[in-house]
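Colleague: See data-v8.pdb below, with PDB, C-alpha atoms.
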```pdb
MODEL        1
ATOM      1  CA  MET W  15     297.502 240.437  59.704
ATOM      2  CA  LYS W  16     294.566 238.968  61.669
ATOM      3  CA  LEU W  17     291.345 240.919  61.953
ATOM      4  CA  ASN W  18     290.703 240.067  65.610
ATOM      5  CA  ASP W  19     294.219 241.127  66.623
ATOM      6  CA  VAL W  20     293.831 244.394  64.715
ATOM      7  CA  MET W  21     290.432 245.141  66.245
ATOM      8  CA  ASP W  22     291.739 244.463  69.771
ATOM      9  CA  GLU W  23     294.763 246.682  69.236
ATOM     10  CA  VAL W  24     292.763 249.512  67.640
ATOM     11  CA  ALA W  25     290.383 249.339  70.616
ATOM     12  CA  GLU W  26     293.393 249.587  72.912
ATOM     13  CA  ALA W  27     294.625 252.641  71.015
ATOM     14  CA  PHE W  28     291.234 254.353  71.207
ATOM     15  CA  GLY W  29     290.901 253.448  74.872
ATOM     16  CA  ALA W  30     294.294 255.000  75.598
ATOM     17  CA  ALA W  31     293.390 258.120  73.610
ATOM     18  CA  THR W  32     289.993 258.665  75.263
ATOM     19  CA  GLY W  33     290.312 257.031  78.671
ATOM     20  CA  LEU W  34     287.095 255.129  77.952
ATOM     21  CA  ASN W  35     286.172 251.446  78.216
ATOM     22  CA  ALA W  36     287.134 249.978  74.836
ATOM     23  CA  TYR W  37     285.650 246.883  73.189
ATOM     24  CA  GLY W  38     287.358 245.306  70.178
ATOM     25  CA  TRP W  39     284.053 243.799  68.977
ATOM     26  CA  PRO W  40     280.476 245.131  68.513
ATOM     27  CA  GLU W  41     279.538 244.695  72.186
ATOM     28  CA  ALA W  42     275.747 244.854  72.587
ATOM     29  CA  ASN W  43     275.755 246.192  76.168
ATOM     30  CA  PRO W  44     278.841 248.369  76.663
ATOM     31  CA  ALA W  45     279.463 250.100  79.986
ATOM     32  CA  LEU W  46     278.988 253.768  78.987
ATOM     33  CA  PRO W  47     280.817 255.902  78.044
ATOM     34  CA  ALA W  48     282.677 253.512  75.787
ATOM     35  CA  VAL W  49     284.467 252.756  72.538
ATOM     36  CA  VAL W  50     282.989 249.921  70.503
ATOM     37  CA  LEU W  51     284.454 248.493  67.303
ATOM     38  CA  ASN W  52     282.268 247.377  64.432
ATOM     39  CA  TYR W  53     283.354 245.081  61.611
ATOM     40  CA  PRO W  54     285.134 246.668  58.638
ATOM     41  CA  GLU W  55     283.544 247.160  55.248
ATOM     42  CA  THR W  56     286.103 244.920  53.515
ATOM     43  CA  VAL W  57     289.353 243.024  53.891
ATOM     44  CA  ASP W  58     291.176 243.409  50.575
ATOM     45  CA  TYR W  59     293.784 240.805  49.690
ATOM     46  CA  ASP W  60     296.834 240.804  47.403
ATOM     47  CA  ILE W  61     297.655 244.503  47.345
ATOM     48  CA  THR W  62     301.207 243.443  46.408
ATOM     49  CA  TYR W  63     302.746 240.292  44.905
ATOM     50  CA  GLY W  64     303.491 237.257  47.020
ATOM     51  CA  ARG W  65     300.913 237.933  49.786
ATOM     52  CA  GLY W  66     302.964 240.946  50.772
ATOM     53  CA  GLU W  67     300.129 243.248  51.813
ATOM     54  CA  ASP W  68     296.424 243.228  52.687
ATOM     55  CA  THR W  69     294.256 246.156  53.694
ATOM     56  CA  ILE W  70     291.262 246.483  56.014
ATOM     57  CA  THR W  71     288.959 249.190  54.726
ATOM     58  CA  ASP W  72     286.544 251.310  56.734
ATOM     59  CA  LEU W  73     287.026 249.712  60.144
ATOM     60  CA  GLN W  74     284.403 251.550  62.179
ATOM     61  CA  VAL W  75     285.221 252.680  65.704
ATOM     62  CA  ILE W  76     282.244 254.133  67.559
ATOM     63  CA  VAL W  77     282.875 256.421  70.523
ATOM     64  CA  LEU W  78     279.753 256.611  72.700
ATOM     65  CA  ILE W  79     279.584 259.620  75.030
ATOM     66  CA  GLY W  80     277.031 261.820  76.740
ATOM     67  CA  ASN W  81     273.820 263.525  75.780
ATOM     68  CA  PRO W  82     274.326 265.028  72.308
ATOM     69  CA  GLN W  83     272.372 268.103  73.346
ATOM     70  CA  ASP W  84     274.784 268.977  76.155
ATOM     71  CA  ARG W  85     277.453 271.612  75.602
ATOM     72  CA  ASP W  86     280.035 269.512  77.460
ATOM     73  CA  THR W  87     279.414 266.639  75.046
ATOM     74  CA  ARG W  88     279.961 268.945  72.099
ATOM     75  CA  ASP W  89     283.199 270.308  73.567
ATOM     76  CA  LYS W  90     284.559 266.820  74.277
ATOM     77  CA  ALA W  91     283.556 265.640  70.789
ATOM     78  CA  ALA W  92     285.310 268.650  69.250
ATOM     79  CA  GLN W  93     288.547 267.853  71.105
ATOM     80  CA  TRP W  94     288.502 264.239  70.018
ATOM     81  CA  ALA W  95     287.482 264.981  66.423
ATOM     82  CA  ASP W  96     290.232 267.578  66.060
ATOM     83  CA  GLY W  97     292.718 266.547  63.375
ATOM     84  CA  ASP W  98     295.638 267.662  65.522
ATOM     85  CA  GLY W  99     296.370 268.606  69.115
ATOM     86  CA  ALA W 100     296.959 266.887  72.440
ATOM     87  CA  ALA W 101     293.479 265.272  72.564
ATOM     88  CA  SER W 102     293.169 264.508  68.845
ATOM     89  CA  ILE W 103     292.051 260.911  68.400
ATOM     90  CA  LYS W 104     293.438 260.913  64.858
ATOM     91  CA  ALA W 105     296.904 261.950  66.060
ATOM     92  CA  LEU W 106     296.963 259.601  69.047
ATOM     93  CA  VAL W 107     295.563 256.542  67.270
ATOM     94  CA  GLU W 108     297.798 256.986  64.211
ATOM     95  CA  GLY W 109     300.827 257.377  66.468
ATOM     96  CA  PHE W 110     300.145 254.182  68.450
ATOM     97  CA  ALA W 111     302.859 251.491  68.237
ATOM     98  CA  TYR W 112     300.955 248.655  66.535
ATOM     99  CA  THR W 113     302.226 245.078  66.345
ATOM    100  CA  SER W 114     299.196 243.500  64.638
ATOM    101  CA  CYS W 115     299.508 245.676  61.520
ATOM    102  CA  ASP W 116     301.788 248.226  59.839
ATOM    103  CA  ASP W 117     299.630 251.334  59.788
ATOM    104  CA  VAL W 118     296.247 252.667  60.891
ATOM    105  CA  GLN W 119     294.901 255.781  59.218
ATOM    106  CA  VAL W 120     291.883 257.559  60.696
ATOM    107  CA  VAL W 121     290.236 258.897  57.547
ATOM    108  CA  ARG W 122     287.038 260.562  58.817
ATOM    109  CA  ALA W 123     284.744 261.199  61.758
ATOM    110  CA  SER W 124     280.965 261.320  61.489
ATOM    111  CA  PHE W 125     278.294 262.014  64.070
ATOM    112  CA  GLU W 126     274.961 260.428  64.979
ATOM    113  CA  ALA W 127     272.632 260.676  67.951
ATOM    114  CA  GLY W 128     270.738 257.777  69.454
ATOM    115  CA  PRO W 129     270.069 255.998  72.748
ATOM    116  CA  VAL W 130     272.141 253.091  74.013
ATOM    117  CA  ALA W 131     270.266 251.006  76.615
ATOM    118  CA  GLY W 132     267.823 253.902  76.890
ATOM    119  CA  ILE W 133     270.567 256.477  77.590
ATOM    120  CA  PRO W 134     270.915 259.391  75.098
ATOM    121  CA  CYS W 135     274.305 259.142  73.441
ATOM    122  CA  LEU W 136     276.370 260.947  70.869
ATOM    123  CA  HIS W 137     277.947 258.416  68.521
ATOM    124  CA  ILE W 138     281.234 259.640  67.062
ATOM    125  CA  ILE W 139     282.034 257.182  64.275
ATOM    126  CA  PHE W 140     285.688 257.088  63.247
ATOM    127  CA  SER W 141     286.449 255.292  59.979
ATOM    128  CA  CYS W 142     289.887 253.711  59.822
ATOM    129  CA  ASN W 143     291.884 252.068  57.047
ATOM    130  CA  VAL W 144     294.476 249.520  58.113
ATOM    131  CA  THR W 145     297.473 248.218  56.175
ATOM    132  CA  GLY W 146     299.527 245.189  57.083
ATOM    133  CA  SER W 147     301.268 242.054  55.958
ATOM    134  CA  GLY W 148     299.291 239.492  54.005
ATOM    135  CA  ARG W 149     301.279 236.701  55.660
ATOM    136  CA  ASP W 150     300.882 235.359  59.204
TER
ATOM    137  CA  MET R   7     295.165 226.078  29.512
ATOM    138  CA  ALA R   8     294.858 228.135  32.663
ATOM    139  CA  ARG R   9     295.008 231.793  33.532
ATOM    140  CA  LYS R  10     297.772 232.937  35.879
ATOM    141  CA  HIS R  11     297.160 235.762  38.313
ATOM    142  CA  SER R  12     299.840 238.425  38.546
ATOM    143  CA  LYS R  13     299.954 238.114  42.327
ATOM    144  CA  LEU R  14     302.055 234.979  41.806
ATOM    145  CA  THR R  15     304.925 236.965  40.257
ATOM    146  CA  VAL R  16     308.290 236.657  41.970
ATOM    147  CA  ILE R  17     311.124 239.136  41.340
ATOM    148  CA  LYS R  18     314.606 238.692  42.775
ATOM    149  CA  ILE R  19     317.525 241.107  42.479
ATOM    150  CA  ASN R  20     321.063 239.725  42.742
ATOM    151  CA  GLY R  21     319.783 236.312  43.769
ATOM    152  CA  THR R  22     318.895 236.939  47.389
ATOM    153  CA  ASN R  23     316.771 240.100  47.385
ATOM    154  CA  ASP R  24     313.161 238.997  46.857
ATOM    155  CA  ILE R  25     311.276 242.272  46.339
ATOM    156  CA  SER R  26     307.987 240.624  45.333
ATOM    157  CA  GLN R  27     306.110 241.547  48.500
ATOM    158  CA  TYR R  28     306.708 245.244  47.773
ATOM    159  CA  CYS R  29     305.654 245.092  44.094
ATOM    160  CA  THR R  30     302.301 245.956  42.560
ATOM    161  CA  ASP R  31     303.306 246.189  38.892
ATOM    162  CA  SER R  32     306.071 244.963  36.624
ATOM    163  CA  ASN R  33     306.901 244.942  32.937
ATOM    164  CA  CYS R  34     309.335 242.484  31.432
ATOM    165  CA  GLY R  35     309.864 242.270  27.686
ATOM    166  CA  GLN R  36     312.295 241.245  25.004
ATOM    167  CA  GLN R  37     312.699 243.045  21.699
ATOM    168  CA  SER R  38     314.773 242.669  18.567
ATOM    169  CA  GLY R  39     316.457 245.148  16.294
ATOM    170  CA  THR R  40     315.795 244.845  12.583
ATOM    171  CA  GLU R  41     317.745 245.587   9.433
ATOM    172  CA  ASP R  42     316.206 246.465   6.095
ATOM    173  CA  ASN R  43     317.464 243.991   3.511
ATOM    174  CA  THR R  44     315.089 244.925   0.717
ATOM    175  CA  THR R  45     316.421 244.365  -2.756
ATOM    176  CA  TYR R  46     315.206 245.080  -6.258
ATOM    177  CA  GLY R  47     312.199 243.134  -7.475
ATOM    178  CA  LYS R  48     310.380 243.158  -4.169
ATOM    179  CA  ASN R  49     306.976 244.774  -3.622
ATOM    180  CA  ALA R  50     307.367 244.936   0.100
ATOM    181  CA  VAL R  51     310.122 245.689   2.565
ATOM    182  CA  VAL R  52     312.191 242.718   3.650
ATOM    183  CA  LYS R  53     313.543 242.773   7.188
ATOM    184  CA  ASP R  54     315.790 240.509   9.210
ATOM    185  CA  GLY R  55     316.320 240.379  12.943
ATOM    186  CA  THR R  56     319.559 241.684  14.368
ATOM    187  CA  LEU R  57     320.488 241.999  18.007
ATOM    188  CA  LEU R  58     318.168 241.267  20.908
ATOM    189  CA  THR R  59     317.427 243.754  23.656
ATOM    190  CA  GLY R  60     315.031 243.941  26.572
ATOM    191  CA  THR R  61     313.048 246.078  28.955
ATOM    192  CA  PHE R  62     312.362 245.617  32.636
ATOM    193  CA  SER R  63     310.677 247.865  35.170
ATOM    194  CA  CYS R  64     308.735 247.360  38.376
ATOM    195  CA  SER R  65     306.976 249.431  40.998
ATOM    196  CA  GLY R  66     305.050 249.090  44.201
ATOM    197  CA  LYS R  67     304.428 250.114  47.792
ATOM    198  CA  TYR R  68     307.196 251.733  49.828
ATOM    199  CA  ASP R  69     308.349 249.890  52.947
ATOM    200  CA  ASP R  70     310.782 251.013  55.627
ATOM    201  CA  SER R  71     312.245 247.578  56.424
ATOM    202  CA  ALA R  72     315.853 246.519  55.831
ATOM    203  CA  THR R  73     314.667 244.357  52.905
ATOM    204  CA  GLY R  74     312.414 247.059  51.497
ATOM    205  CA  PRO R  75     312.773 248.816  48.140
ATOM    206  CA  ARG R  76     314.628 251.897  49.381
ATOM    207  CA  ALA R  77     317.177 249.889  51.369
ATOM    208  CA  VAL R  78     317.777 247.313  48.624
ATOM    209  CA  LEU R  79     317.244 249.105  45.310
ATOM    210  CA  LYS R  80     318.269 252.743  45.798
ATOM    211  CA  PRO R  81     321.942 251.880  46.479
ATOM    212  CA  LEU R  82     322.045 249.892  43.218
ATOM    213  CA  VAL R  83     321.287 252.800  40.888
ATOM    214  CA  GLY R  84     323.981 252.867  38.211
ATOM    215  CA  GLN R  85     325.033 249.296  38.882
ATOM    216  CA  THR R  86     324.566 246.127  36.845
ATOM    217  CA  VAL R  87     322.480 243.566  38.710
ATOM    218  CA  GLU R  88     321.056 240.105  38.062
ATOM    219  CA  VAL R  89     317.279 240.018  37.683
ATOM    220  CA  GLN R  90     315.313 236.795  38.110
ATOM    221  CA  TYR R  91     311.746 237.191  36.880
ATOM    222  CA  MET R  92     309.345 234.317  37.650
ATOM    223  CA  PRO R  93     305.915 235.168  36.208
ATOM    224  CA  GLU R  94     304.135 232.163  37.726
ATOM    225  CA  GLY R  95     305.978 232.033  41.040
ATOM    226  CA  VAL R  96     308.621 229.623  42.280
ATOM    227  CA  GLY R  97     308.355 225.940  41.337
ATOM    228  CA  ASP R  98     310.011 223.171  39.362
ATOM    229  CA  GLY R  99     309.283 223.545  35.669
ATOM    230  CA  LEU R 100     307.779 227.029  35.974
ATOM    231  CA  PRO R 101     309.015 229.759  33.604
ATOM    232  CA  GLN R 102     311.853 232.111  34.504
ATOM    233  CA  ASP R 103     313.841 234.880  32.857
ATOM    234  CA  THR R 104     317.319 235.578  34.198
ATOM    235  CA  PHE R 105     319.271 238.512  32.833
ATOM    236  CA  SER R 106     321.686 241.286  33.706
ATOM    237  CA  ALA R 107     320.379 244.834  33.819
ATOM    238  CA  VAL R 108     321.670 248.300  34.608
ATOM    239  CA  ILE R 109     319.479 250.078  37.132
ATOM    240  CA  THR R 110     318.937 253.484  35.556
ATOM    241  CA  ASP R 111     316.189 254.975  37.765
ATOM    242  CA  TYR R 112     314.770 254.583  41.272
ATOM    243  CA  THR R 113     311.971 257.037  42.054
ATOM    244  CA  GLU R 114     309.730 257.484  45.096
ATOM    245  CA  THR R 115     306.340 259.187  44.849
ATOM    246  CA  ALA R 116     304.425 260.619  47.813
ATOM    247  CA  PRO R 117     300.778 261.504  47.102
ATOM    248  CA  VAL R 118     299.183 263.483  49.922
ATOM    249  CA  ALA R 119     296.088 261.234  50.013
ATOM    250  CA  GLY R 120     297.864 257.899  49.789
ATOM    251  CA  TYR R 121     300.825 255.746  50.732
ATOM    252  CA  ARG R 122     304.341 256.334  49.455
ATOM    253  CA  THR R 123     305.224 254.352  46.321
ATOM    254  CA  TRP R 124     308.393 253.498  44.421
ATOM    255  CA  SER R 125     309.371 252.629  40.875
ATOM    256  CA  LEU R 126     312.432 251.076  39.255
ATOM    257  CA  THR R 127     313.619 251.318  35.646
ATOM    258  CA  THR R 128     316.406 249.211  34.181
ATOM    259  CA  GLU R 129     318.131 248.589  30.851
ATOM    260  CA  PRO R 130     318.817 244.878  30.369
ATOM    261  CA  SER R 131     322.216 243.914  29.050
ATOM    262  CA  ASP R 132     323.530 240.860  27.189
ATOM    263  CA  GLU R 133     321.644 237.644  26.489
ATOM    264  CA  TRP R 134     318.760 236.319  28.586
ATOM    265  CA  ASP R 135     318.462 232.831  30.067
ATOM    266  CA  SER R 136     314.824 231.765  29.806
ATOM    267  CA  THR R 137     315.341 228.169  30.944
ATOM    268  CA  ASP R 138     312.483 226.895  33.128
ATOM    269  CA  GLN R 139     313.149 226.639  36.830
ATOM    270  CA  GLU R 140     314.721 223.555  38.339
ATOM    271  CA  VAL R 141     313.721 223.382  41.990
ATOM    272  CA  PRO R 142     314.853 220.238  43.880
TER
ENDMDL
END
```
Re-express the file's structure as structure tokens.

Modeller:
Amino acid sequence: MKLNDVMDEVAEAFGAATGLNAYGWPEANPALPAVVLNYPETVDYDITYGRGEDTITDLQVIVLIGNPQDRDTRDKAAQWADGDGAASIKALVEGFAYTSCDDVQVVRASFEAGPVAGIPCLHIIFSCNVTGSGRD
Amino acid sequence: MARKHSKLTVIKINGTNDISQYCTDSNCGQQSGTEDNTTYGKNAVVKDGTLLTGTFSCSGKYDDSATGPRAVLKPLVGQTVEVQYMPEGVGDGLPQDTFSAVITDYTETAPVAGYRTWSLTTEPSDEWDSTDQEVP
């Protein structure tokens, strides 16, 4: 399981779920609105014997959308942060057919507000845990 | 003298089924029965060893592949299998225990907040071969 392959594929999954530009790395100047991946908290090795399994913990996926004080932004954020339903990022991303890893679990969504390139943005931060083979 | 990490452990069932990559824990032990042969004049109990026996169990992370624990181990419940237990991995001169065992229990556990797991319990039968590995 290679981190760059996982980040690219998770970005692809989020891009498909949201219809937004998706970057599999912490792009400094994304074309808004966008999905930007940040590095995970840890890569944990040797979950099983014989290099059978590694895990990537707290891979952060940041969805950057409109002015956090707009009602439309809130409504869109609510759809995407829903744990179930046709627009649920958790459901769509967890159901994606990954080849770089075995499983992606979206464990939580948190919210922050802050400008990106001077533009007010709501940051929806999805934390993901990834499980996959420890062998190439 | 050197420590050996458990991640090196290799476990094979019936020669060809290497289940190591699905394992997180294992217990492999040999025991002996005893007989009380205390006679008059002694101030303490005198015991002698009788027949040898053993214990073997393992557990780990569930996997849905054709070589995974459910596909390989569940059908063997109630059968006598050959277990090869290599505590330091595969290599010429490394230790190995080879023995027959009856698979008495295969259990899967599904915690709501985690990944599915499995466990295997066996009752070893007959004598063990603890000759070191010979790998050409």

Colleague: For a quick test of understanding: name the residues of chain R lying within 9 Å of chain W when counting only C-alpha atoms, and present them as a PyMOL selection string.

Modeller: chain R and resi 12-16+25-31+66-67+95

Colleague: Quick one: apply the PyMOL selection byres ((chain W and resi 27) around 12) to the file and drop the selected residues here as a PyMOL selection string.

Modeller: chain W and resi 20-26+28-38+49-51+75+103-113+118+120

Colleague: Here's a test: counting all atoms listed in the file, identify every protein, DNA and RNA residue with an atom at most 6 Å from (320.8, 241.9, 37.4) in the file's coordinate frame, and state them as a ChimeraX atom specification.

Modeller: /R:20,86-89,105-107

Colleague: Any chance you could resolve the PyMOL selection byres ((chain R and resi 123) around 8) against this file and give the residues as a list in words?

Modeller: Ser65, Gly66, Lys67, Tyr68, Glu114, Thr115, Ala116, Tyr121, Arg122, Trp124 and Ser125 of chain R

Colleague: Could you write out the selected residues, including C-alpha atoms, as a PDB file, in the frame of the given file?

Modeller:
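Output file again-v3.pdb follows:
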```
ATOM      1  CA  SER R  65     306.976 249.431  40.998  1.00  0.00           C
ATOM      2  CA  GLY R  66     305.050 249.090  44.201  1.00  0.00           C
ATOM      3  CA  LYS R  67     304.428 250.114  47.792  1.00  0.00           C
ATOM      4  CA  TYR R  68     307.196 251.733  49.828  1.00  0.00           C
ATOM      5  CA  GLU R 114     309.730 257.484  45.096  1.00  0.00           C
ATOM      6  CA  THR R 115     306.340 259.187  44.849  1.00  0.00           C
ATOM      7  CA  ALA R 116     304.425 260.619  47.813  1.00  0.00           C
ATOM      8  CA  TYR R 121     300.825 255.746  50.732  1.00  0.00           C
ATOM      9  CA  ARG R 122     304.341 256.334  49.455  1.00  0.00           C
ATOM     10  CA  TRP R 124     308.393 253.498  44.421  1.00  0.00           C
ATOM     11  CA  SER R 125     309.371 252.629  40.875  1.00  0.00           C
TER      12      SER R 125
END
```

Colleague: Which one is closest to Pro40 (chain W): W:Thr69, W:Ser114, W:Thr56, W:Gln74? Count only C-alpha atoms.

Modeller: W:Gln74

Colleague: Just checking: using only C-alpha atoms, which residue out of R:Leu82, R:Val141, R:Ile19, R:Cys34 ends up closest to Asp98 (chain R)?

Modeller: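 Using only C-alpha atoms, the shortest distance to Asp98 (chain R) belongs to R:Val141.
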
Colleague: Translate the PyMOL selection byres ((chain R and resi 54) around 8) into a concrete residue list for this structure, as a ChimeraX atom specification.

Modeller: /R:40-43,52-53,55-56

Colleague: Please measure the separation of CA of Val130 (chain W) and CA of Leu78 (chain W), giving the value in Å to one decimal.

Modeller: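 For CA of Val130 (chain W) relative to CA of Leu78 (chain W), the distance reads 8.5 Å.
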
Colleague: Give the answer as one residue: which of W:Asp89, W:Gln119, W:Pro129, W:Leu136 has the shortest atom-to-atom distance to Asn43 (chain W), using all atoms listed in the file?

Modeller: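 That would be W:Pro129, the residue with the smallest distance to Asn43 (chain W).
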
Colleague: Take every atom of region 53-70 of chain R listed in the file, fit an axis-aligned box around them, add 3 Å per side, and give the centre and edge lengths in Å to one decimal as AutoDock Vina command-line options.

Modeller:
```
--center_x 312.5 --center_y 246.1 --center_z 31.4 --size_x 22.1 --size_y 17.4 --size_z 54.4
```

Colleague: For a test of reading the model, state the distance in Å between CA of Val77 (chain W) and CA of Gly146 (chain W), rounded to one decimal.

Modeller: 24.2 Å

Colleague: Kindly add N, CA, C and O atoms to the incomplete region 102-122 of chain W and provide the output as a PDB file, in the frame of the given file.

Modeller:
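The resulting file, out.pdb, is reproduced below:
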```pdb
ATOM      1  N   SER W 102     293.625 264.979  70.157  1.00  0.00           N
ATOM      2  CA  SER W 102     293.169 264.508  68.845  1.00  0.00           C
ATOM      3  C   SER W 102     293.233 262.992  68.762  1.00  0.00           C
ATOM      4  O   SER W 102     294.312 262.393  68.873  1.00  0.00           O
ATOM      5  N   ILE W 103     292.066 262.362  68.554  1.00  0.00           N
ATOM      6  CA  ILE W 103     292.051 260.911  68.400  1.00  0.00           C
ATOM      7  C   ILE W 103     292.842 260.499  67.161  1.00  0.00           C
ATOM      8  O   ILE W 103     293.592 259.522  67.183  1.00  0.00           O
ATOM      9  N   LYS W 104     292.696 261.256  66.078  1.00  0.00           N
ATOM     10  CA  LYS W 104     293.438 260.913  64.858  1.00  0.00           C
ATOM     11  C   LYS W 104     294.937 260.866  65.135  1.00  0.00           C
ATOM     12  O   LYS W 104     295.634 259.906  64.781  1.00  0.00           O
ATOM     13  N   ALA W 105     295.462 261.893  65.803  1.00  0.00           N
ATOM     14  CA  ALA W 105     296.904 261.950  66.060  1.00  0.00           C
ATOM     15  C   ALA W 105     297.341 260.835  66.998  1.00  0.00           C
ATOM     16  O   ALA W 105     298.366 260.174  66.774  1.00  0.00           O
ATOM     17  N   LEU W 106     296.564 260.588  68.043  1.00  0.00           N
ATOM     18  CA  LEU W 106     296.963 259.601  69.047  1.00  0.00           C
ATOM     19  C   LEU W 106     296.851 258.176  68.498  1.00  0.00           C
ATOM     20  O   LEU W 106     297.726 257.341  68.726  1.00  0.00           O
ATOM     21  N   VAL W 107     295.757 257.896  67.793  1.00  0.00           N
ATOM     22  CA  VAL W 107     295.563 256.542  67.270  1.00  0.00           C
ATOM     23  C   VAL W 107     296.555 256.242  66.154  1.00  0.00           C
ATOM     24  O   VAL W 107     297.082 255.135  66.063  1.00  0.00           O
ATOM     25  N   GLU W 108     296.836 257.218  65.291  1.00  0.00           N
ATOM     26  CA  GLU W 108     297.798 256.986  64.211  1.00  0.00           C
ATOM     27  C   GLU W 108     299.217 256.879  64.738  1.00  0.00           C
ATOM     28  O   GLU W 108     300.073 256.271  64.113  1.00  0.00           O
ATOM     29  N   GLY W 109     299.487 257.446  65.896  1.00  0.00           N
ATOM     30  CA  GLY W 109     300.827 257.377  66.468  1.00  0.00           C
ATOM     31  C   GLY W 109     301.049 256.182  67.378  1.00  0.00           C
ATOM     32  O   GLY W 109     302.154 256.000  67.897  1.00  0.00           O
ATOM     33  N   PHE W 110     300.046 255.348  67.576  1.00  0.00           N
ATOM     34  CA  PHE W 110     300.145 254.182  68.450  1.00  0.00           C
ATOM     35  C   PHE W 110     301.119 253.170  67.859  1.00  0.00           C
ATOM     36  O   PHE W 110     301.194 253.003  66.644  1.00  0.00           O
ATOM     37  N   ALA W 111     301.873 252.470  68.713  1.00  0.00           N
ATOM     38  CA  ALA W 111     302.859 251.491  68.237  1.00  0.00           C
ATOM     39  C   ALA W 111     302.183 250.136  68.043  1.00  0.00           C
ATOM     40  O   ALA W 111     302.111 249.328  68.962  1.00  0.00           O
ATOM     41  N   TYR W 112     301.679 249.883  66.827  1.00  0.00           N
ATOM     42  CA  TYR W 112     300.955 248.655  66.535  1.00  0.00           C
ATOM     43  C   TYR W 112     301.904 247.492  66.269  1.00  0.00           C
ATOM     44  O   TYR W 112     302.969 247.673  65.671  1.00  0.00           O
ATOM     45  N   THR W 113     301.510 246.299  66.684  1.00  0.00           N
ATOM     46  CA  THR W 113     302.226 245.078  66.345  1.00  0.00           C
ATOM     47  C   THR W 113     301.396 244.164  65.454  1.00  0.00           C
ATOM     48  O   THR W 113     301.950 243.283  64.795  1.00  0.00           O
ATOM     49  N   SER W 114     300.072 244.364  65.430  1.00  0.00           N
ATOM     50  CA  SER W 114     299.196 243.500  64.638  1.00  0.00           C
ATOM     51  C   SER W 114     299.126 243.930  63.186  1.00  0.00           C
ATOM     52  O   SER W 114     298.635 243.178  62.329  1.00  0.00           O
ATOM     53  N   CYS W 115     299.598 245.133  62.867  1.00  0.00           N
ATOM     54  CA  CYS W 115     299.508 245.676  61.520  1.00  0.00           C
ATOM     55  C   CYS W 115     300.622 246.708  61.338  1.00  0.00           C
ATOM     56  O   CYS W 115     301.367 247.002  62.274  1.00  0.00           O
ATOM     57  N   ASP W 116     300.741 247.238  60.106  1.00  0.00           N
ATOM     58  CA  ASP W 116     301.788 248.226  59.839  1.00  0.00           C
ATOM     59  C   ASP W 116     301.315 249.658  60.089  1.00  0.00           C
ATOM     60  O   ASP W 116     302.087 250.505  60.546  1.00  0.00           O
ATOM     61  N   ASP W 117     300.063 249.940  59.746  1.00  0.00           N
ATOM     62  CA  ASP W 117     299.630 251.334  59.788  1.00  0.00           C
ATOM     63  C   ASP W 117     298.125 251.427  59.938  1.00  0.00           C
ATOM     64  O   ASP W 117     297.388 250.640  59.330  1.00  0.00           O
ATOM     65  N   VAL W 118     297.671 252.354  60.761  1.00  0.00           N
ATOM     66  CA  VAL W 118     296.247 252.667  60.891  1.00  0.00           C
ATOM     67  C   VAL W 118     296.077 254.131  60.531  1.00  0.00           C
ATOM     68  O   VAL W 118     296.753 255.001  61.089  1.00  0.00           O
ATOM     69  N   GLN W 119     295.188 254.391  59.577  1.00  0.00           N
ATOM     70  CA  GLN W 119     294.901 255.781  59.218  1.00  0.00           C
ATOM     71  C   GLN W 119     293.448 256.090  59.562  1.00  0.00           C
ATOM     72  O   GLN W 119     292.547 255.383  59.121  1.00  0.00           O
ATOM     73  N   VAL W 120     293.234 257.103  60.376  1.00  0.00           N
ATOM     74  CA  VAL W 120     291.883 257.559  60.696  1.00  0.00           C
ATOM     75  C   VAL W 120     291.477 258.529  59.595  1.00  0.00           C
ATOM     76  O   VAL W 120     292.031 259.633  59.496  1.00  0.00           O
ATOM     77  N   VAL W 121     290.522 258.117  58.751  1.00  0.00           N
ATOM     78  CA  VAL W 121     290.236 258.897  57.547  1.00  0.00           C
ATOM     79  C   VAL W 121     289.095 259.884  57.720  1.00  0.00           C
ATOM     80  O   VAL W 121     289.031 260.883  57.013  1.00  0.00           O
ATOM     81  N   ARG W 122     288.142 259.611  58.615  1.00  0.00           N
ATOM     82  CA  ARG W 122     287.038 260.562  58.817  1.00  0.00           C
ATOM     83  C   ARG W 122     286.344 260.293  60.125  1.00  0.00           C
ATOM     84  O   ARG W 122     286.455 259.208  60.698  1.00  0.00           O
TER      85      ARG W 122
END
```
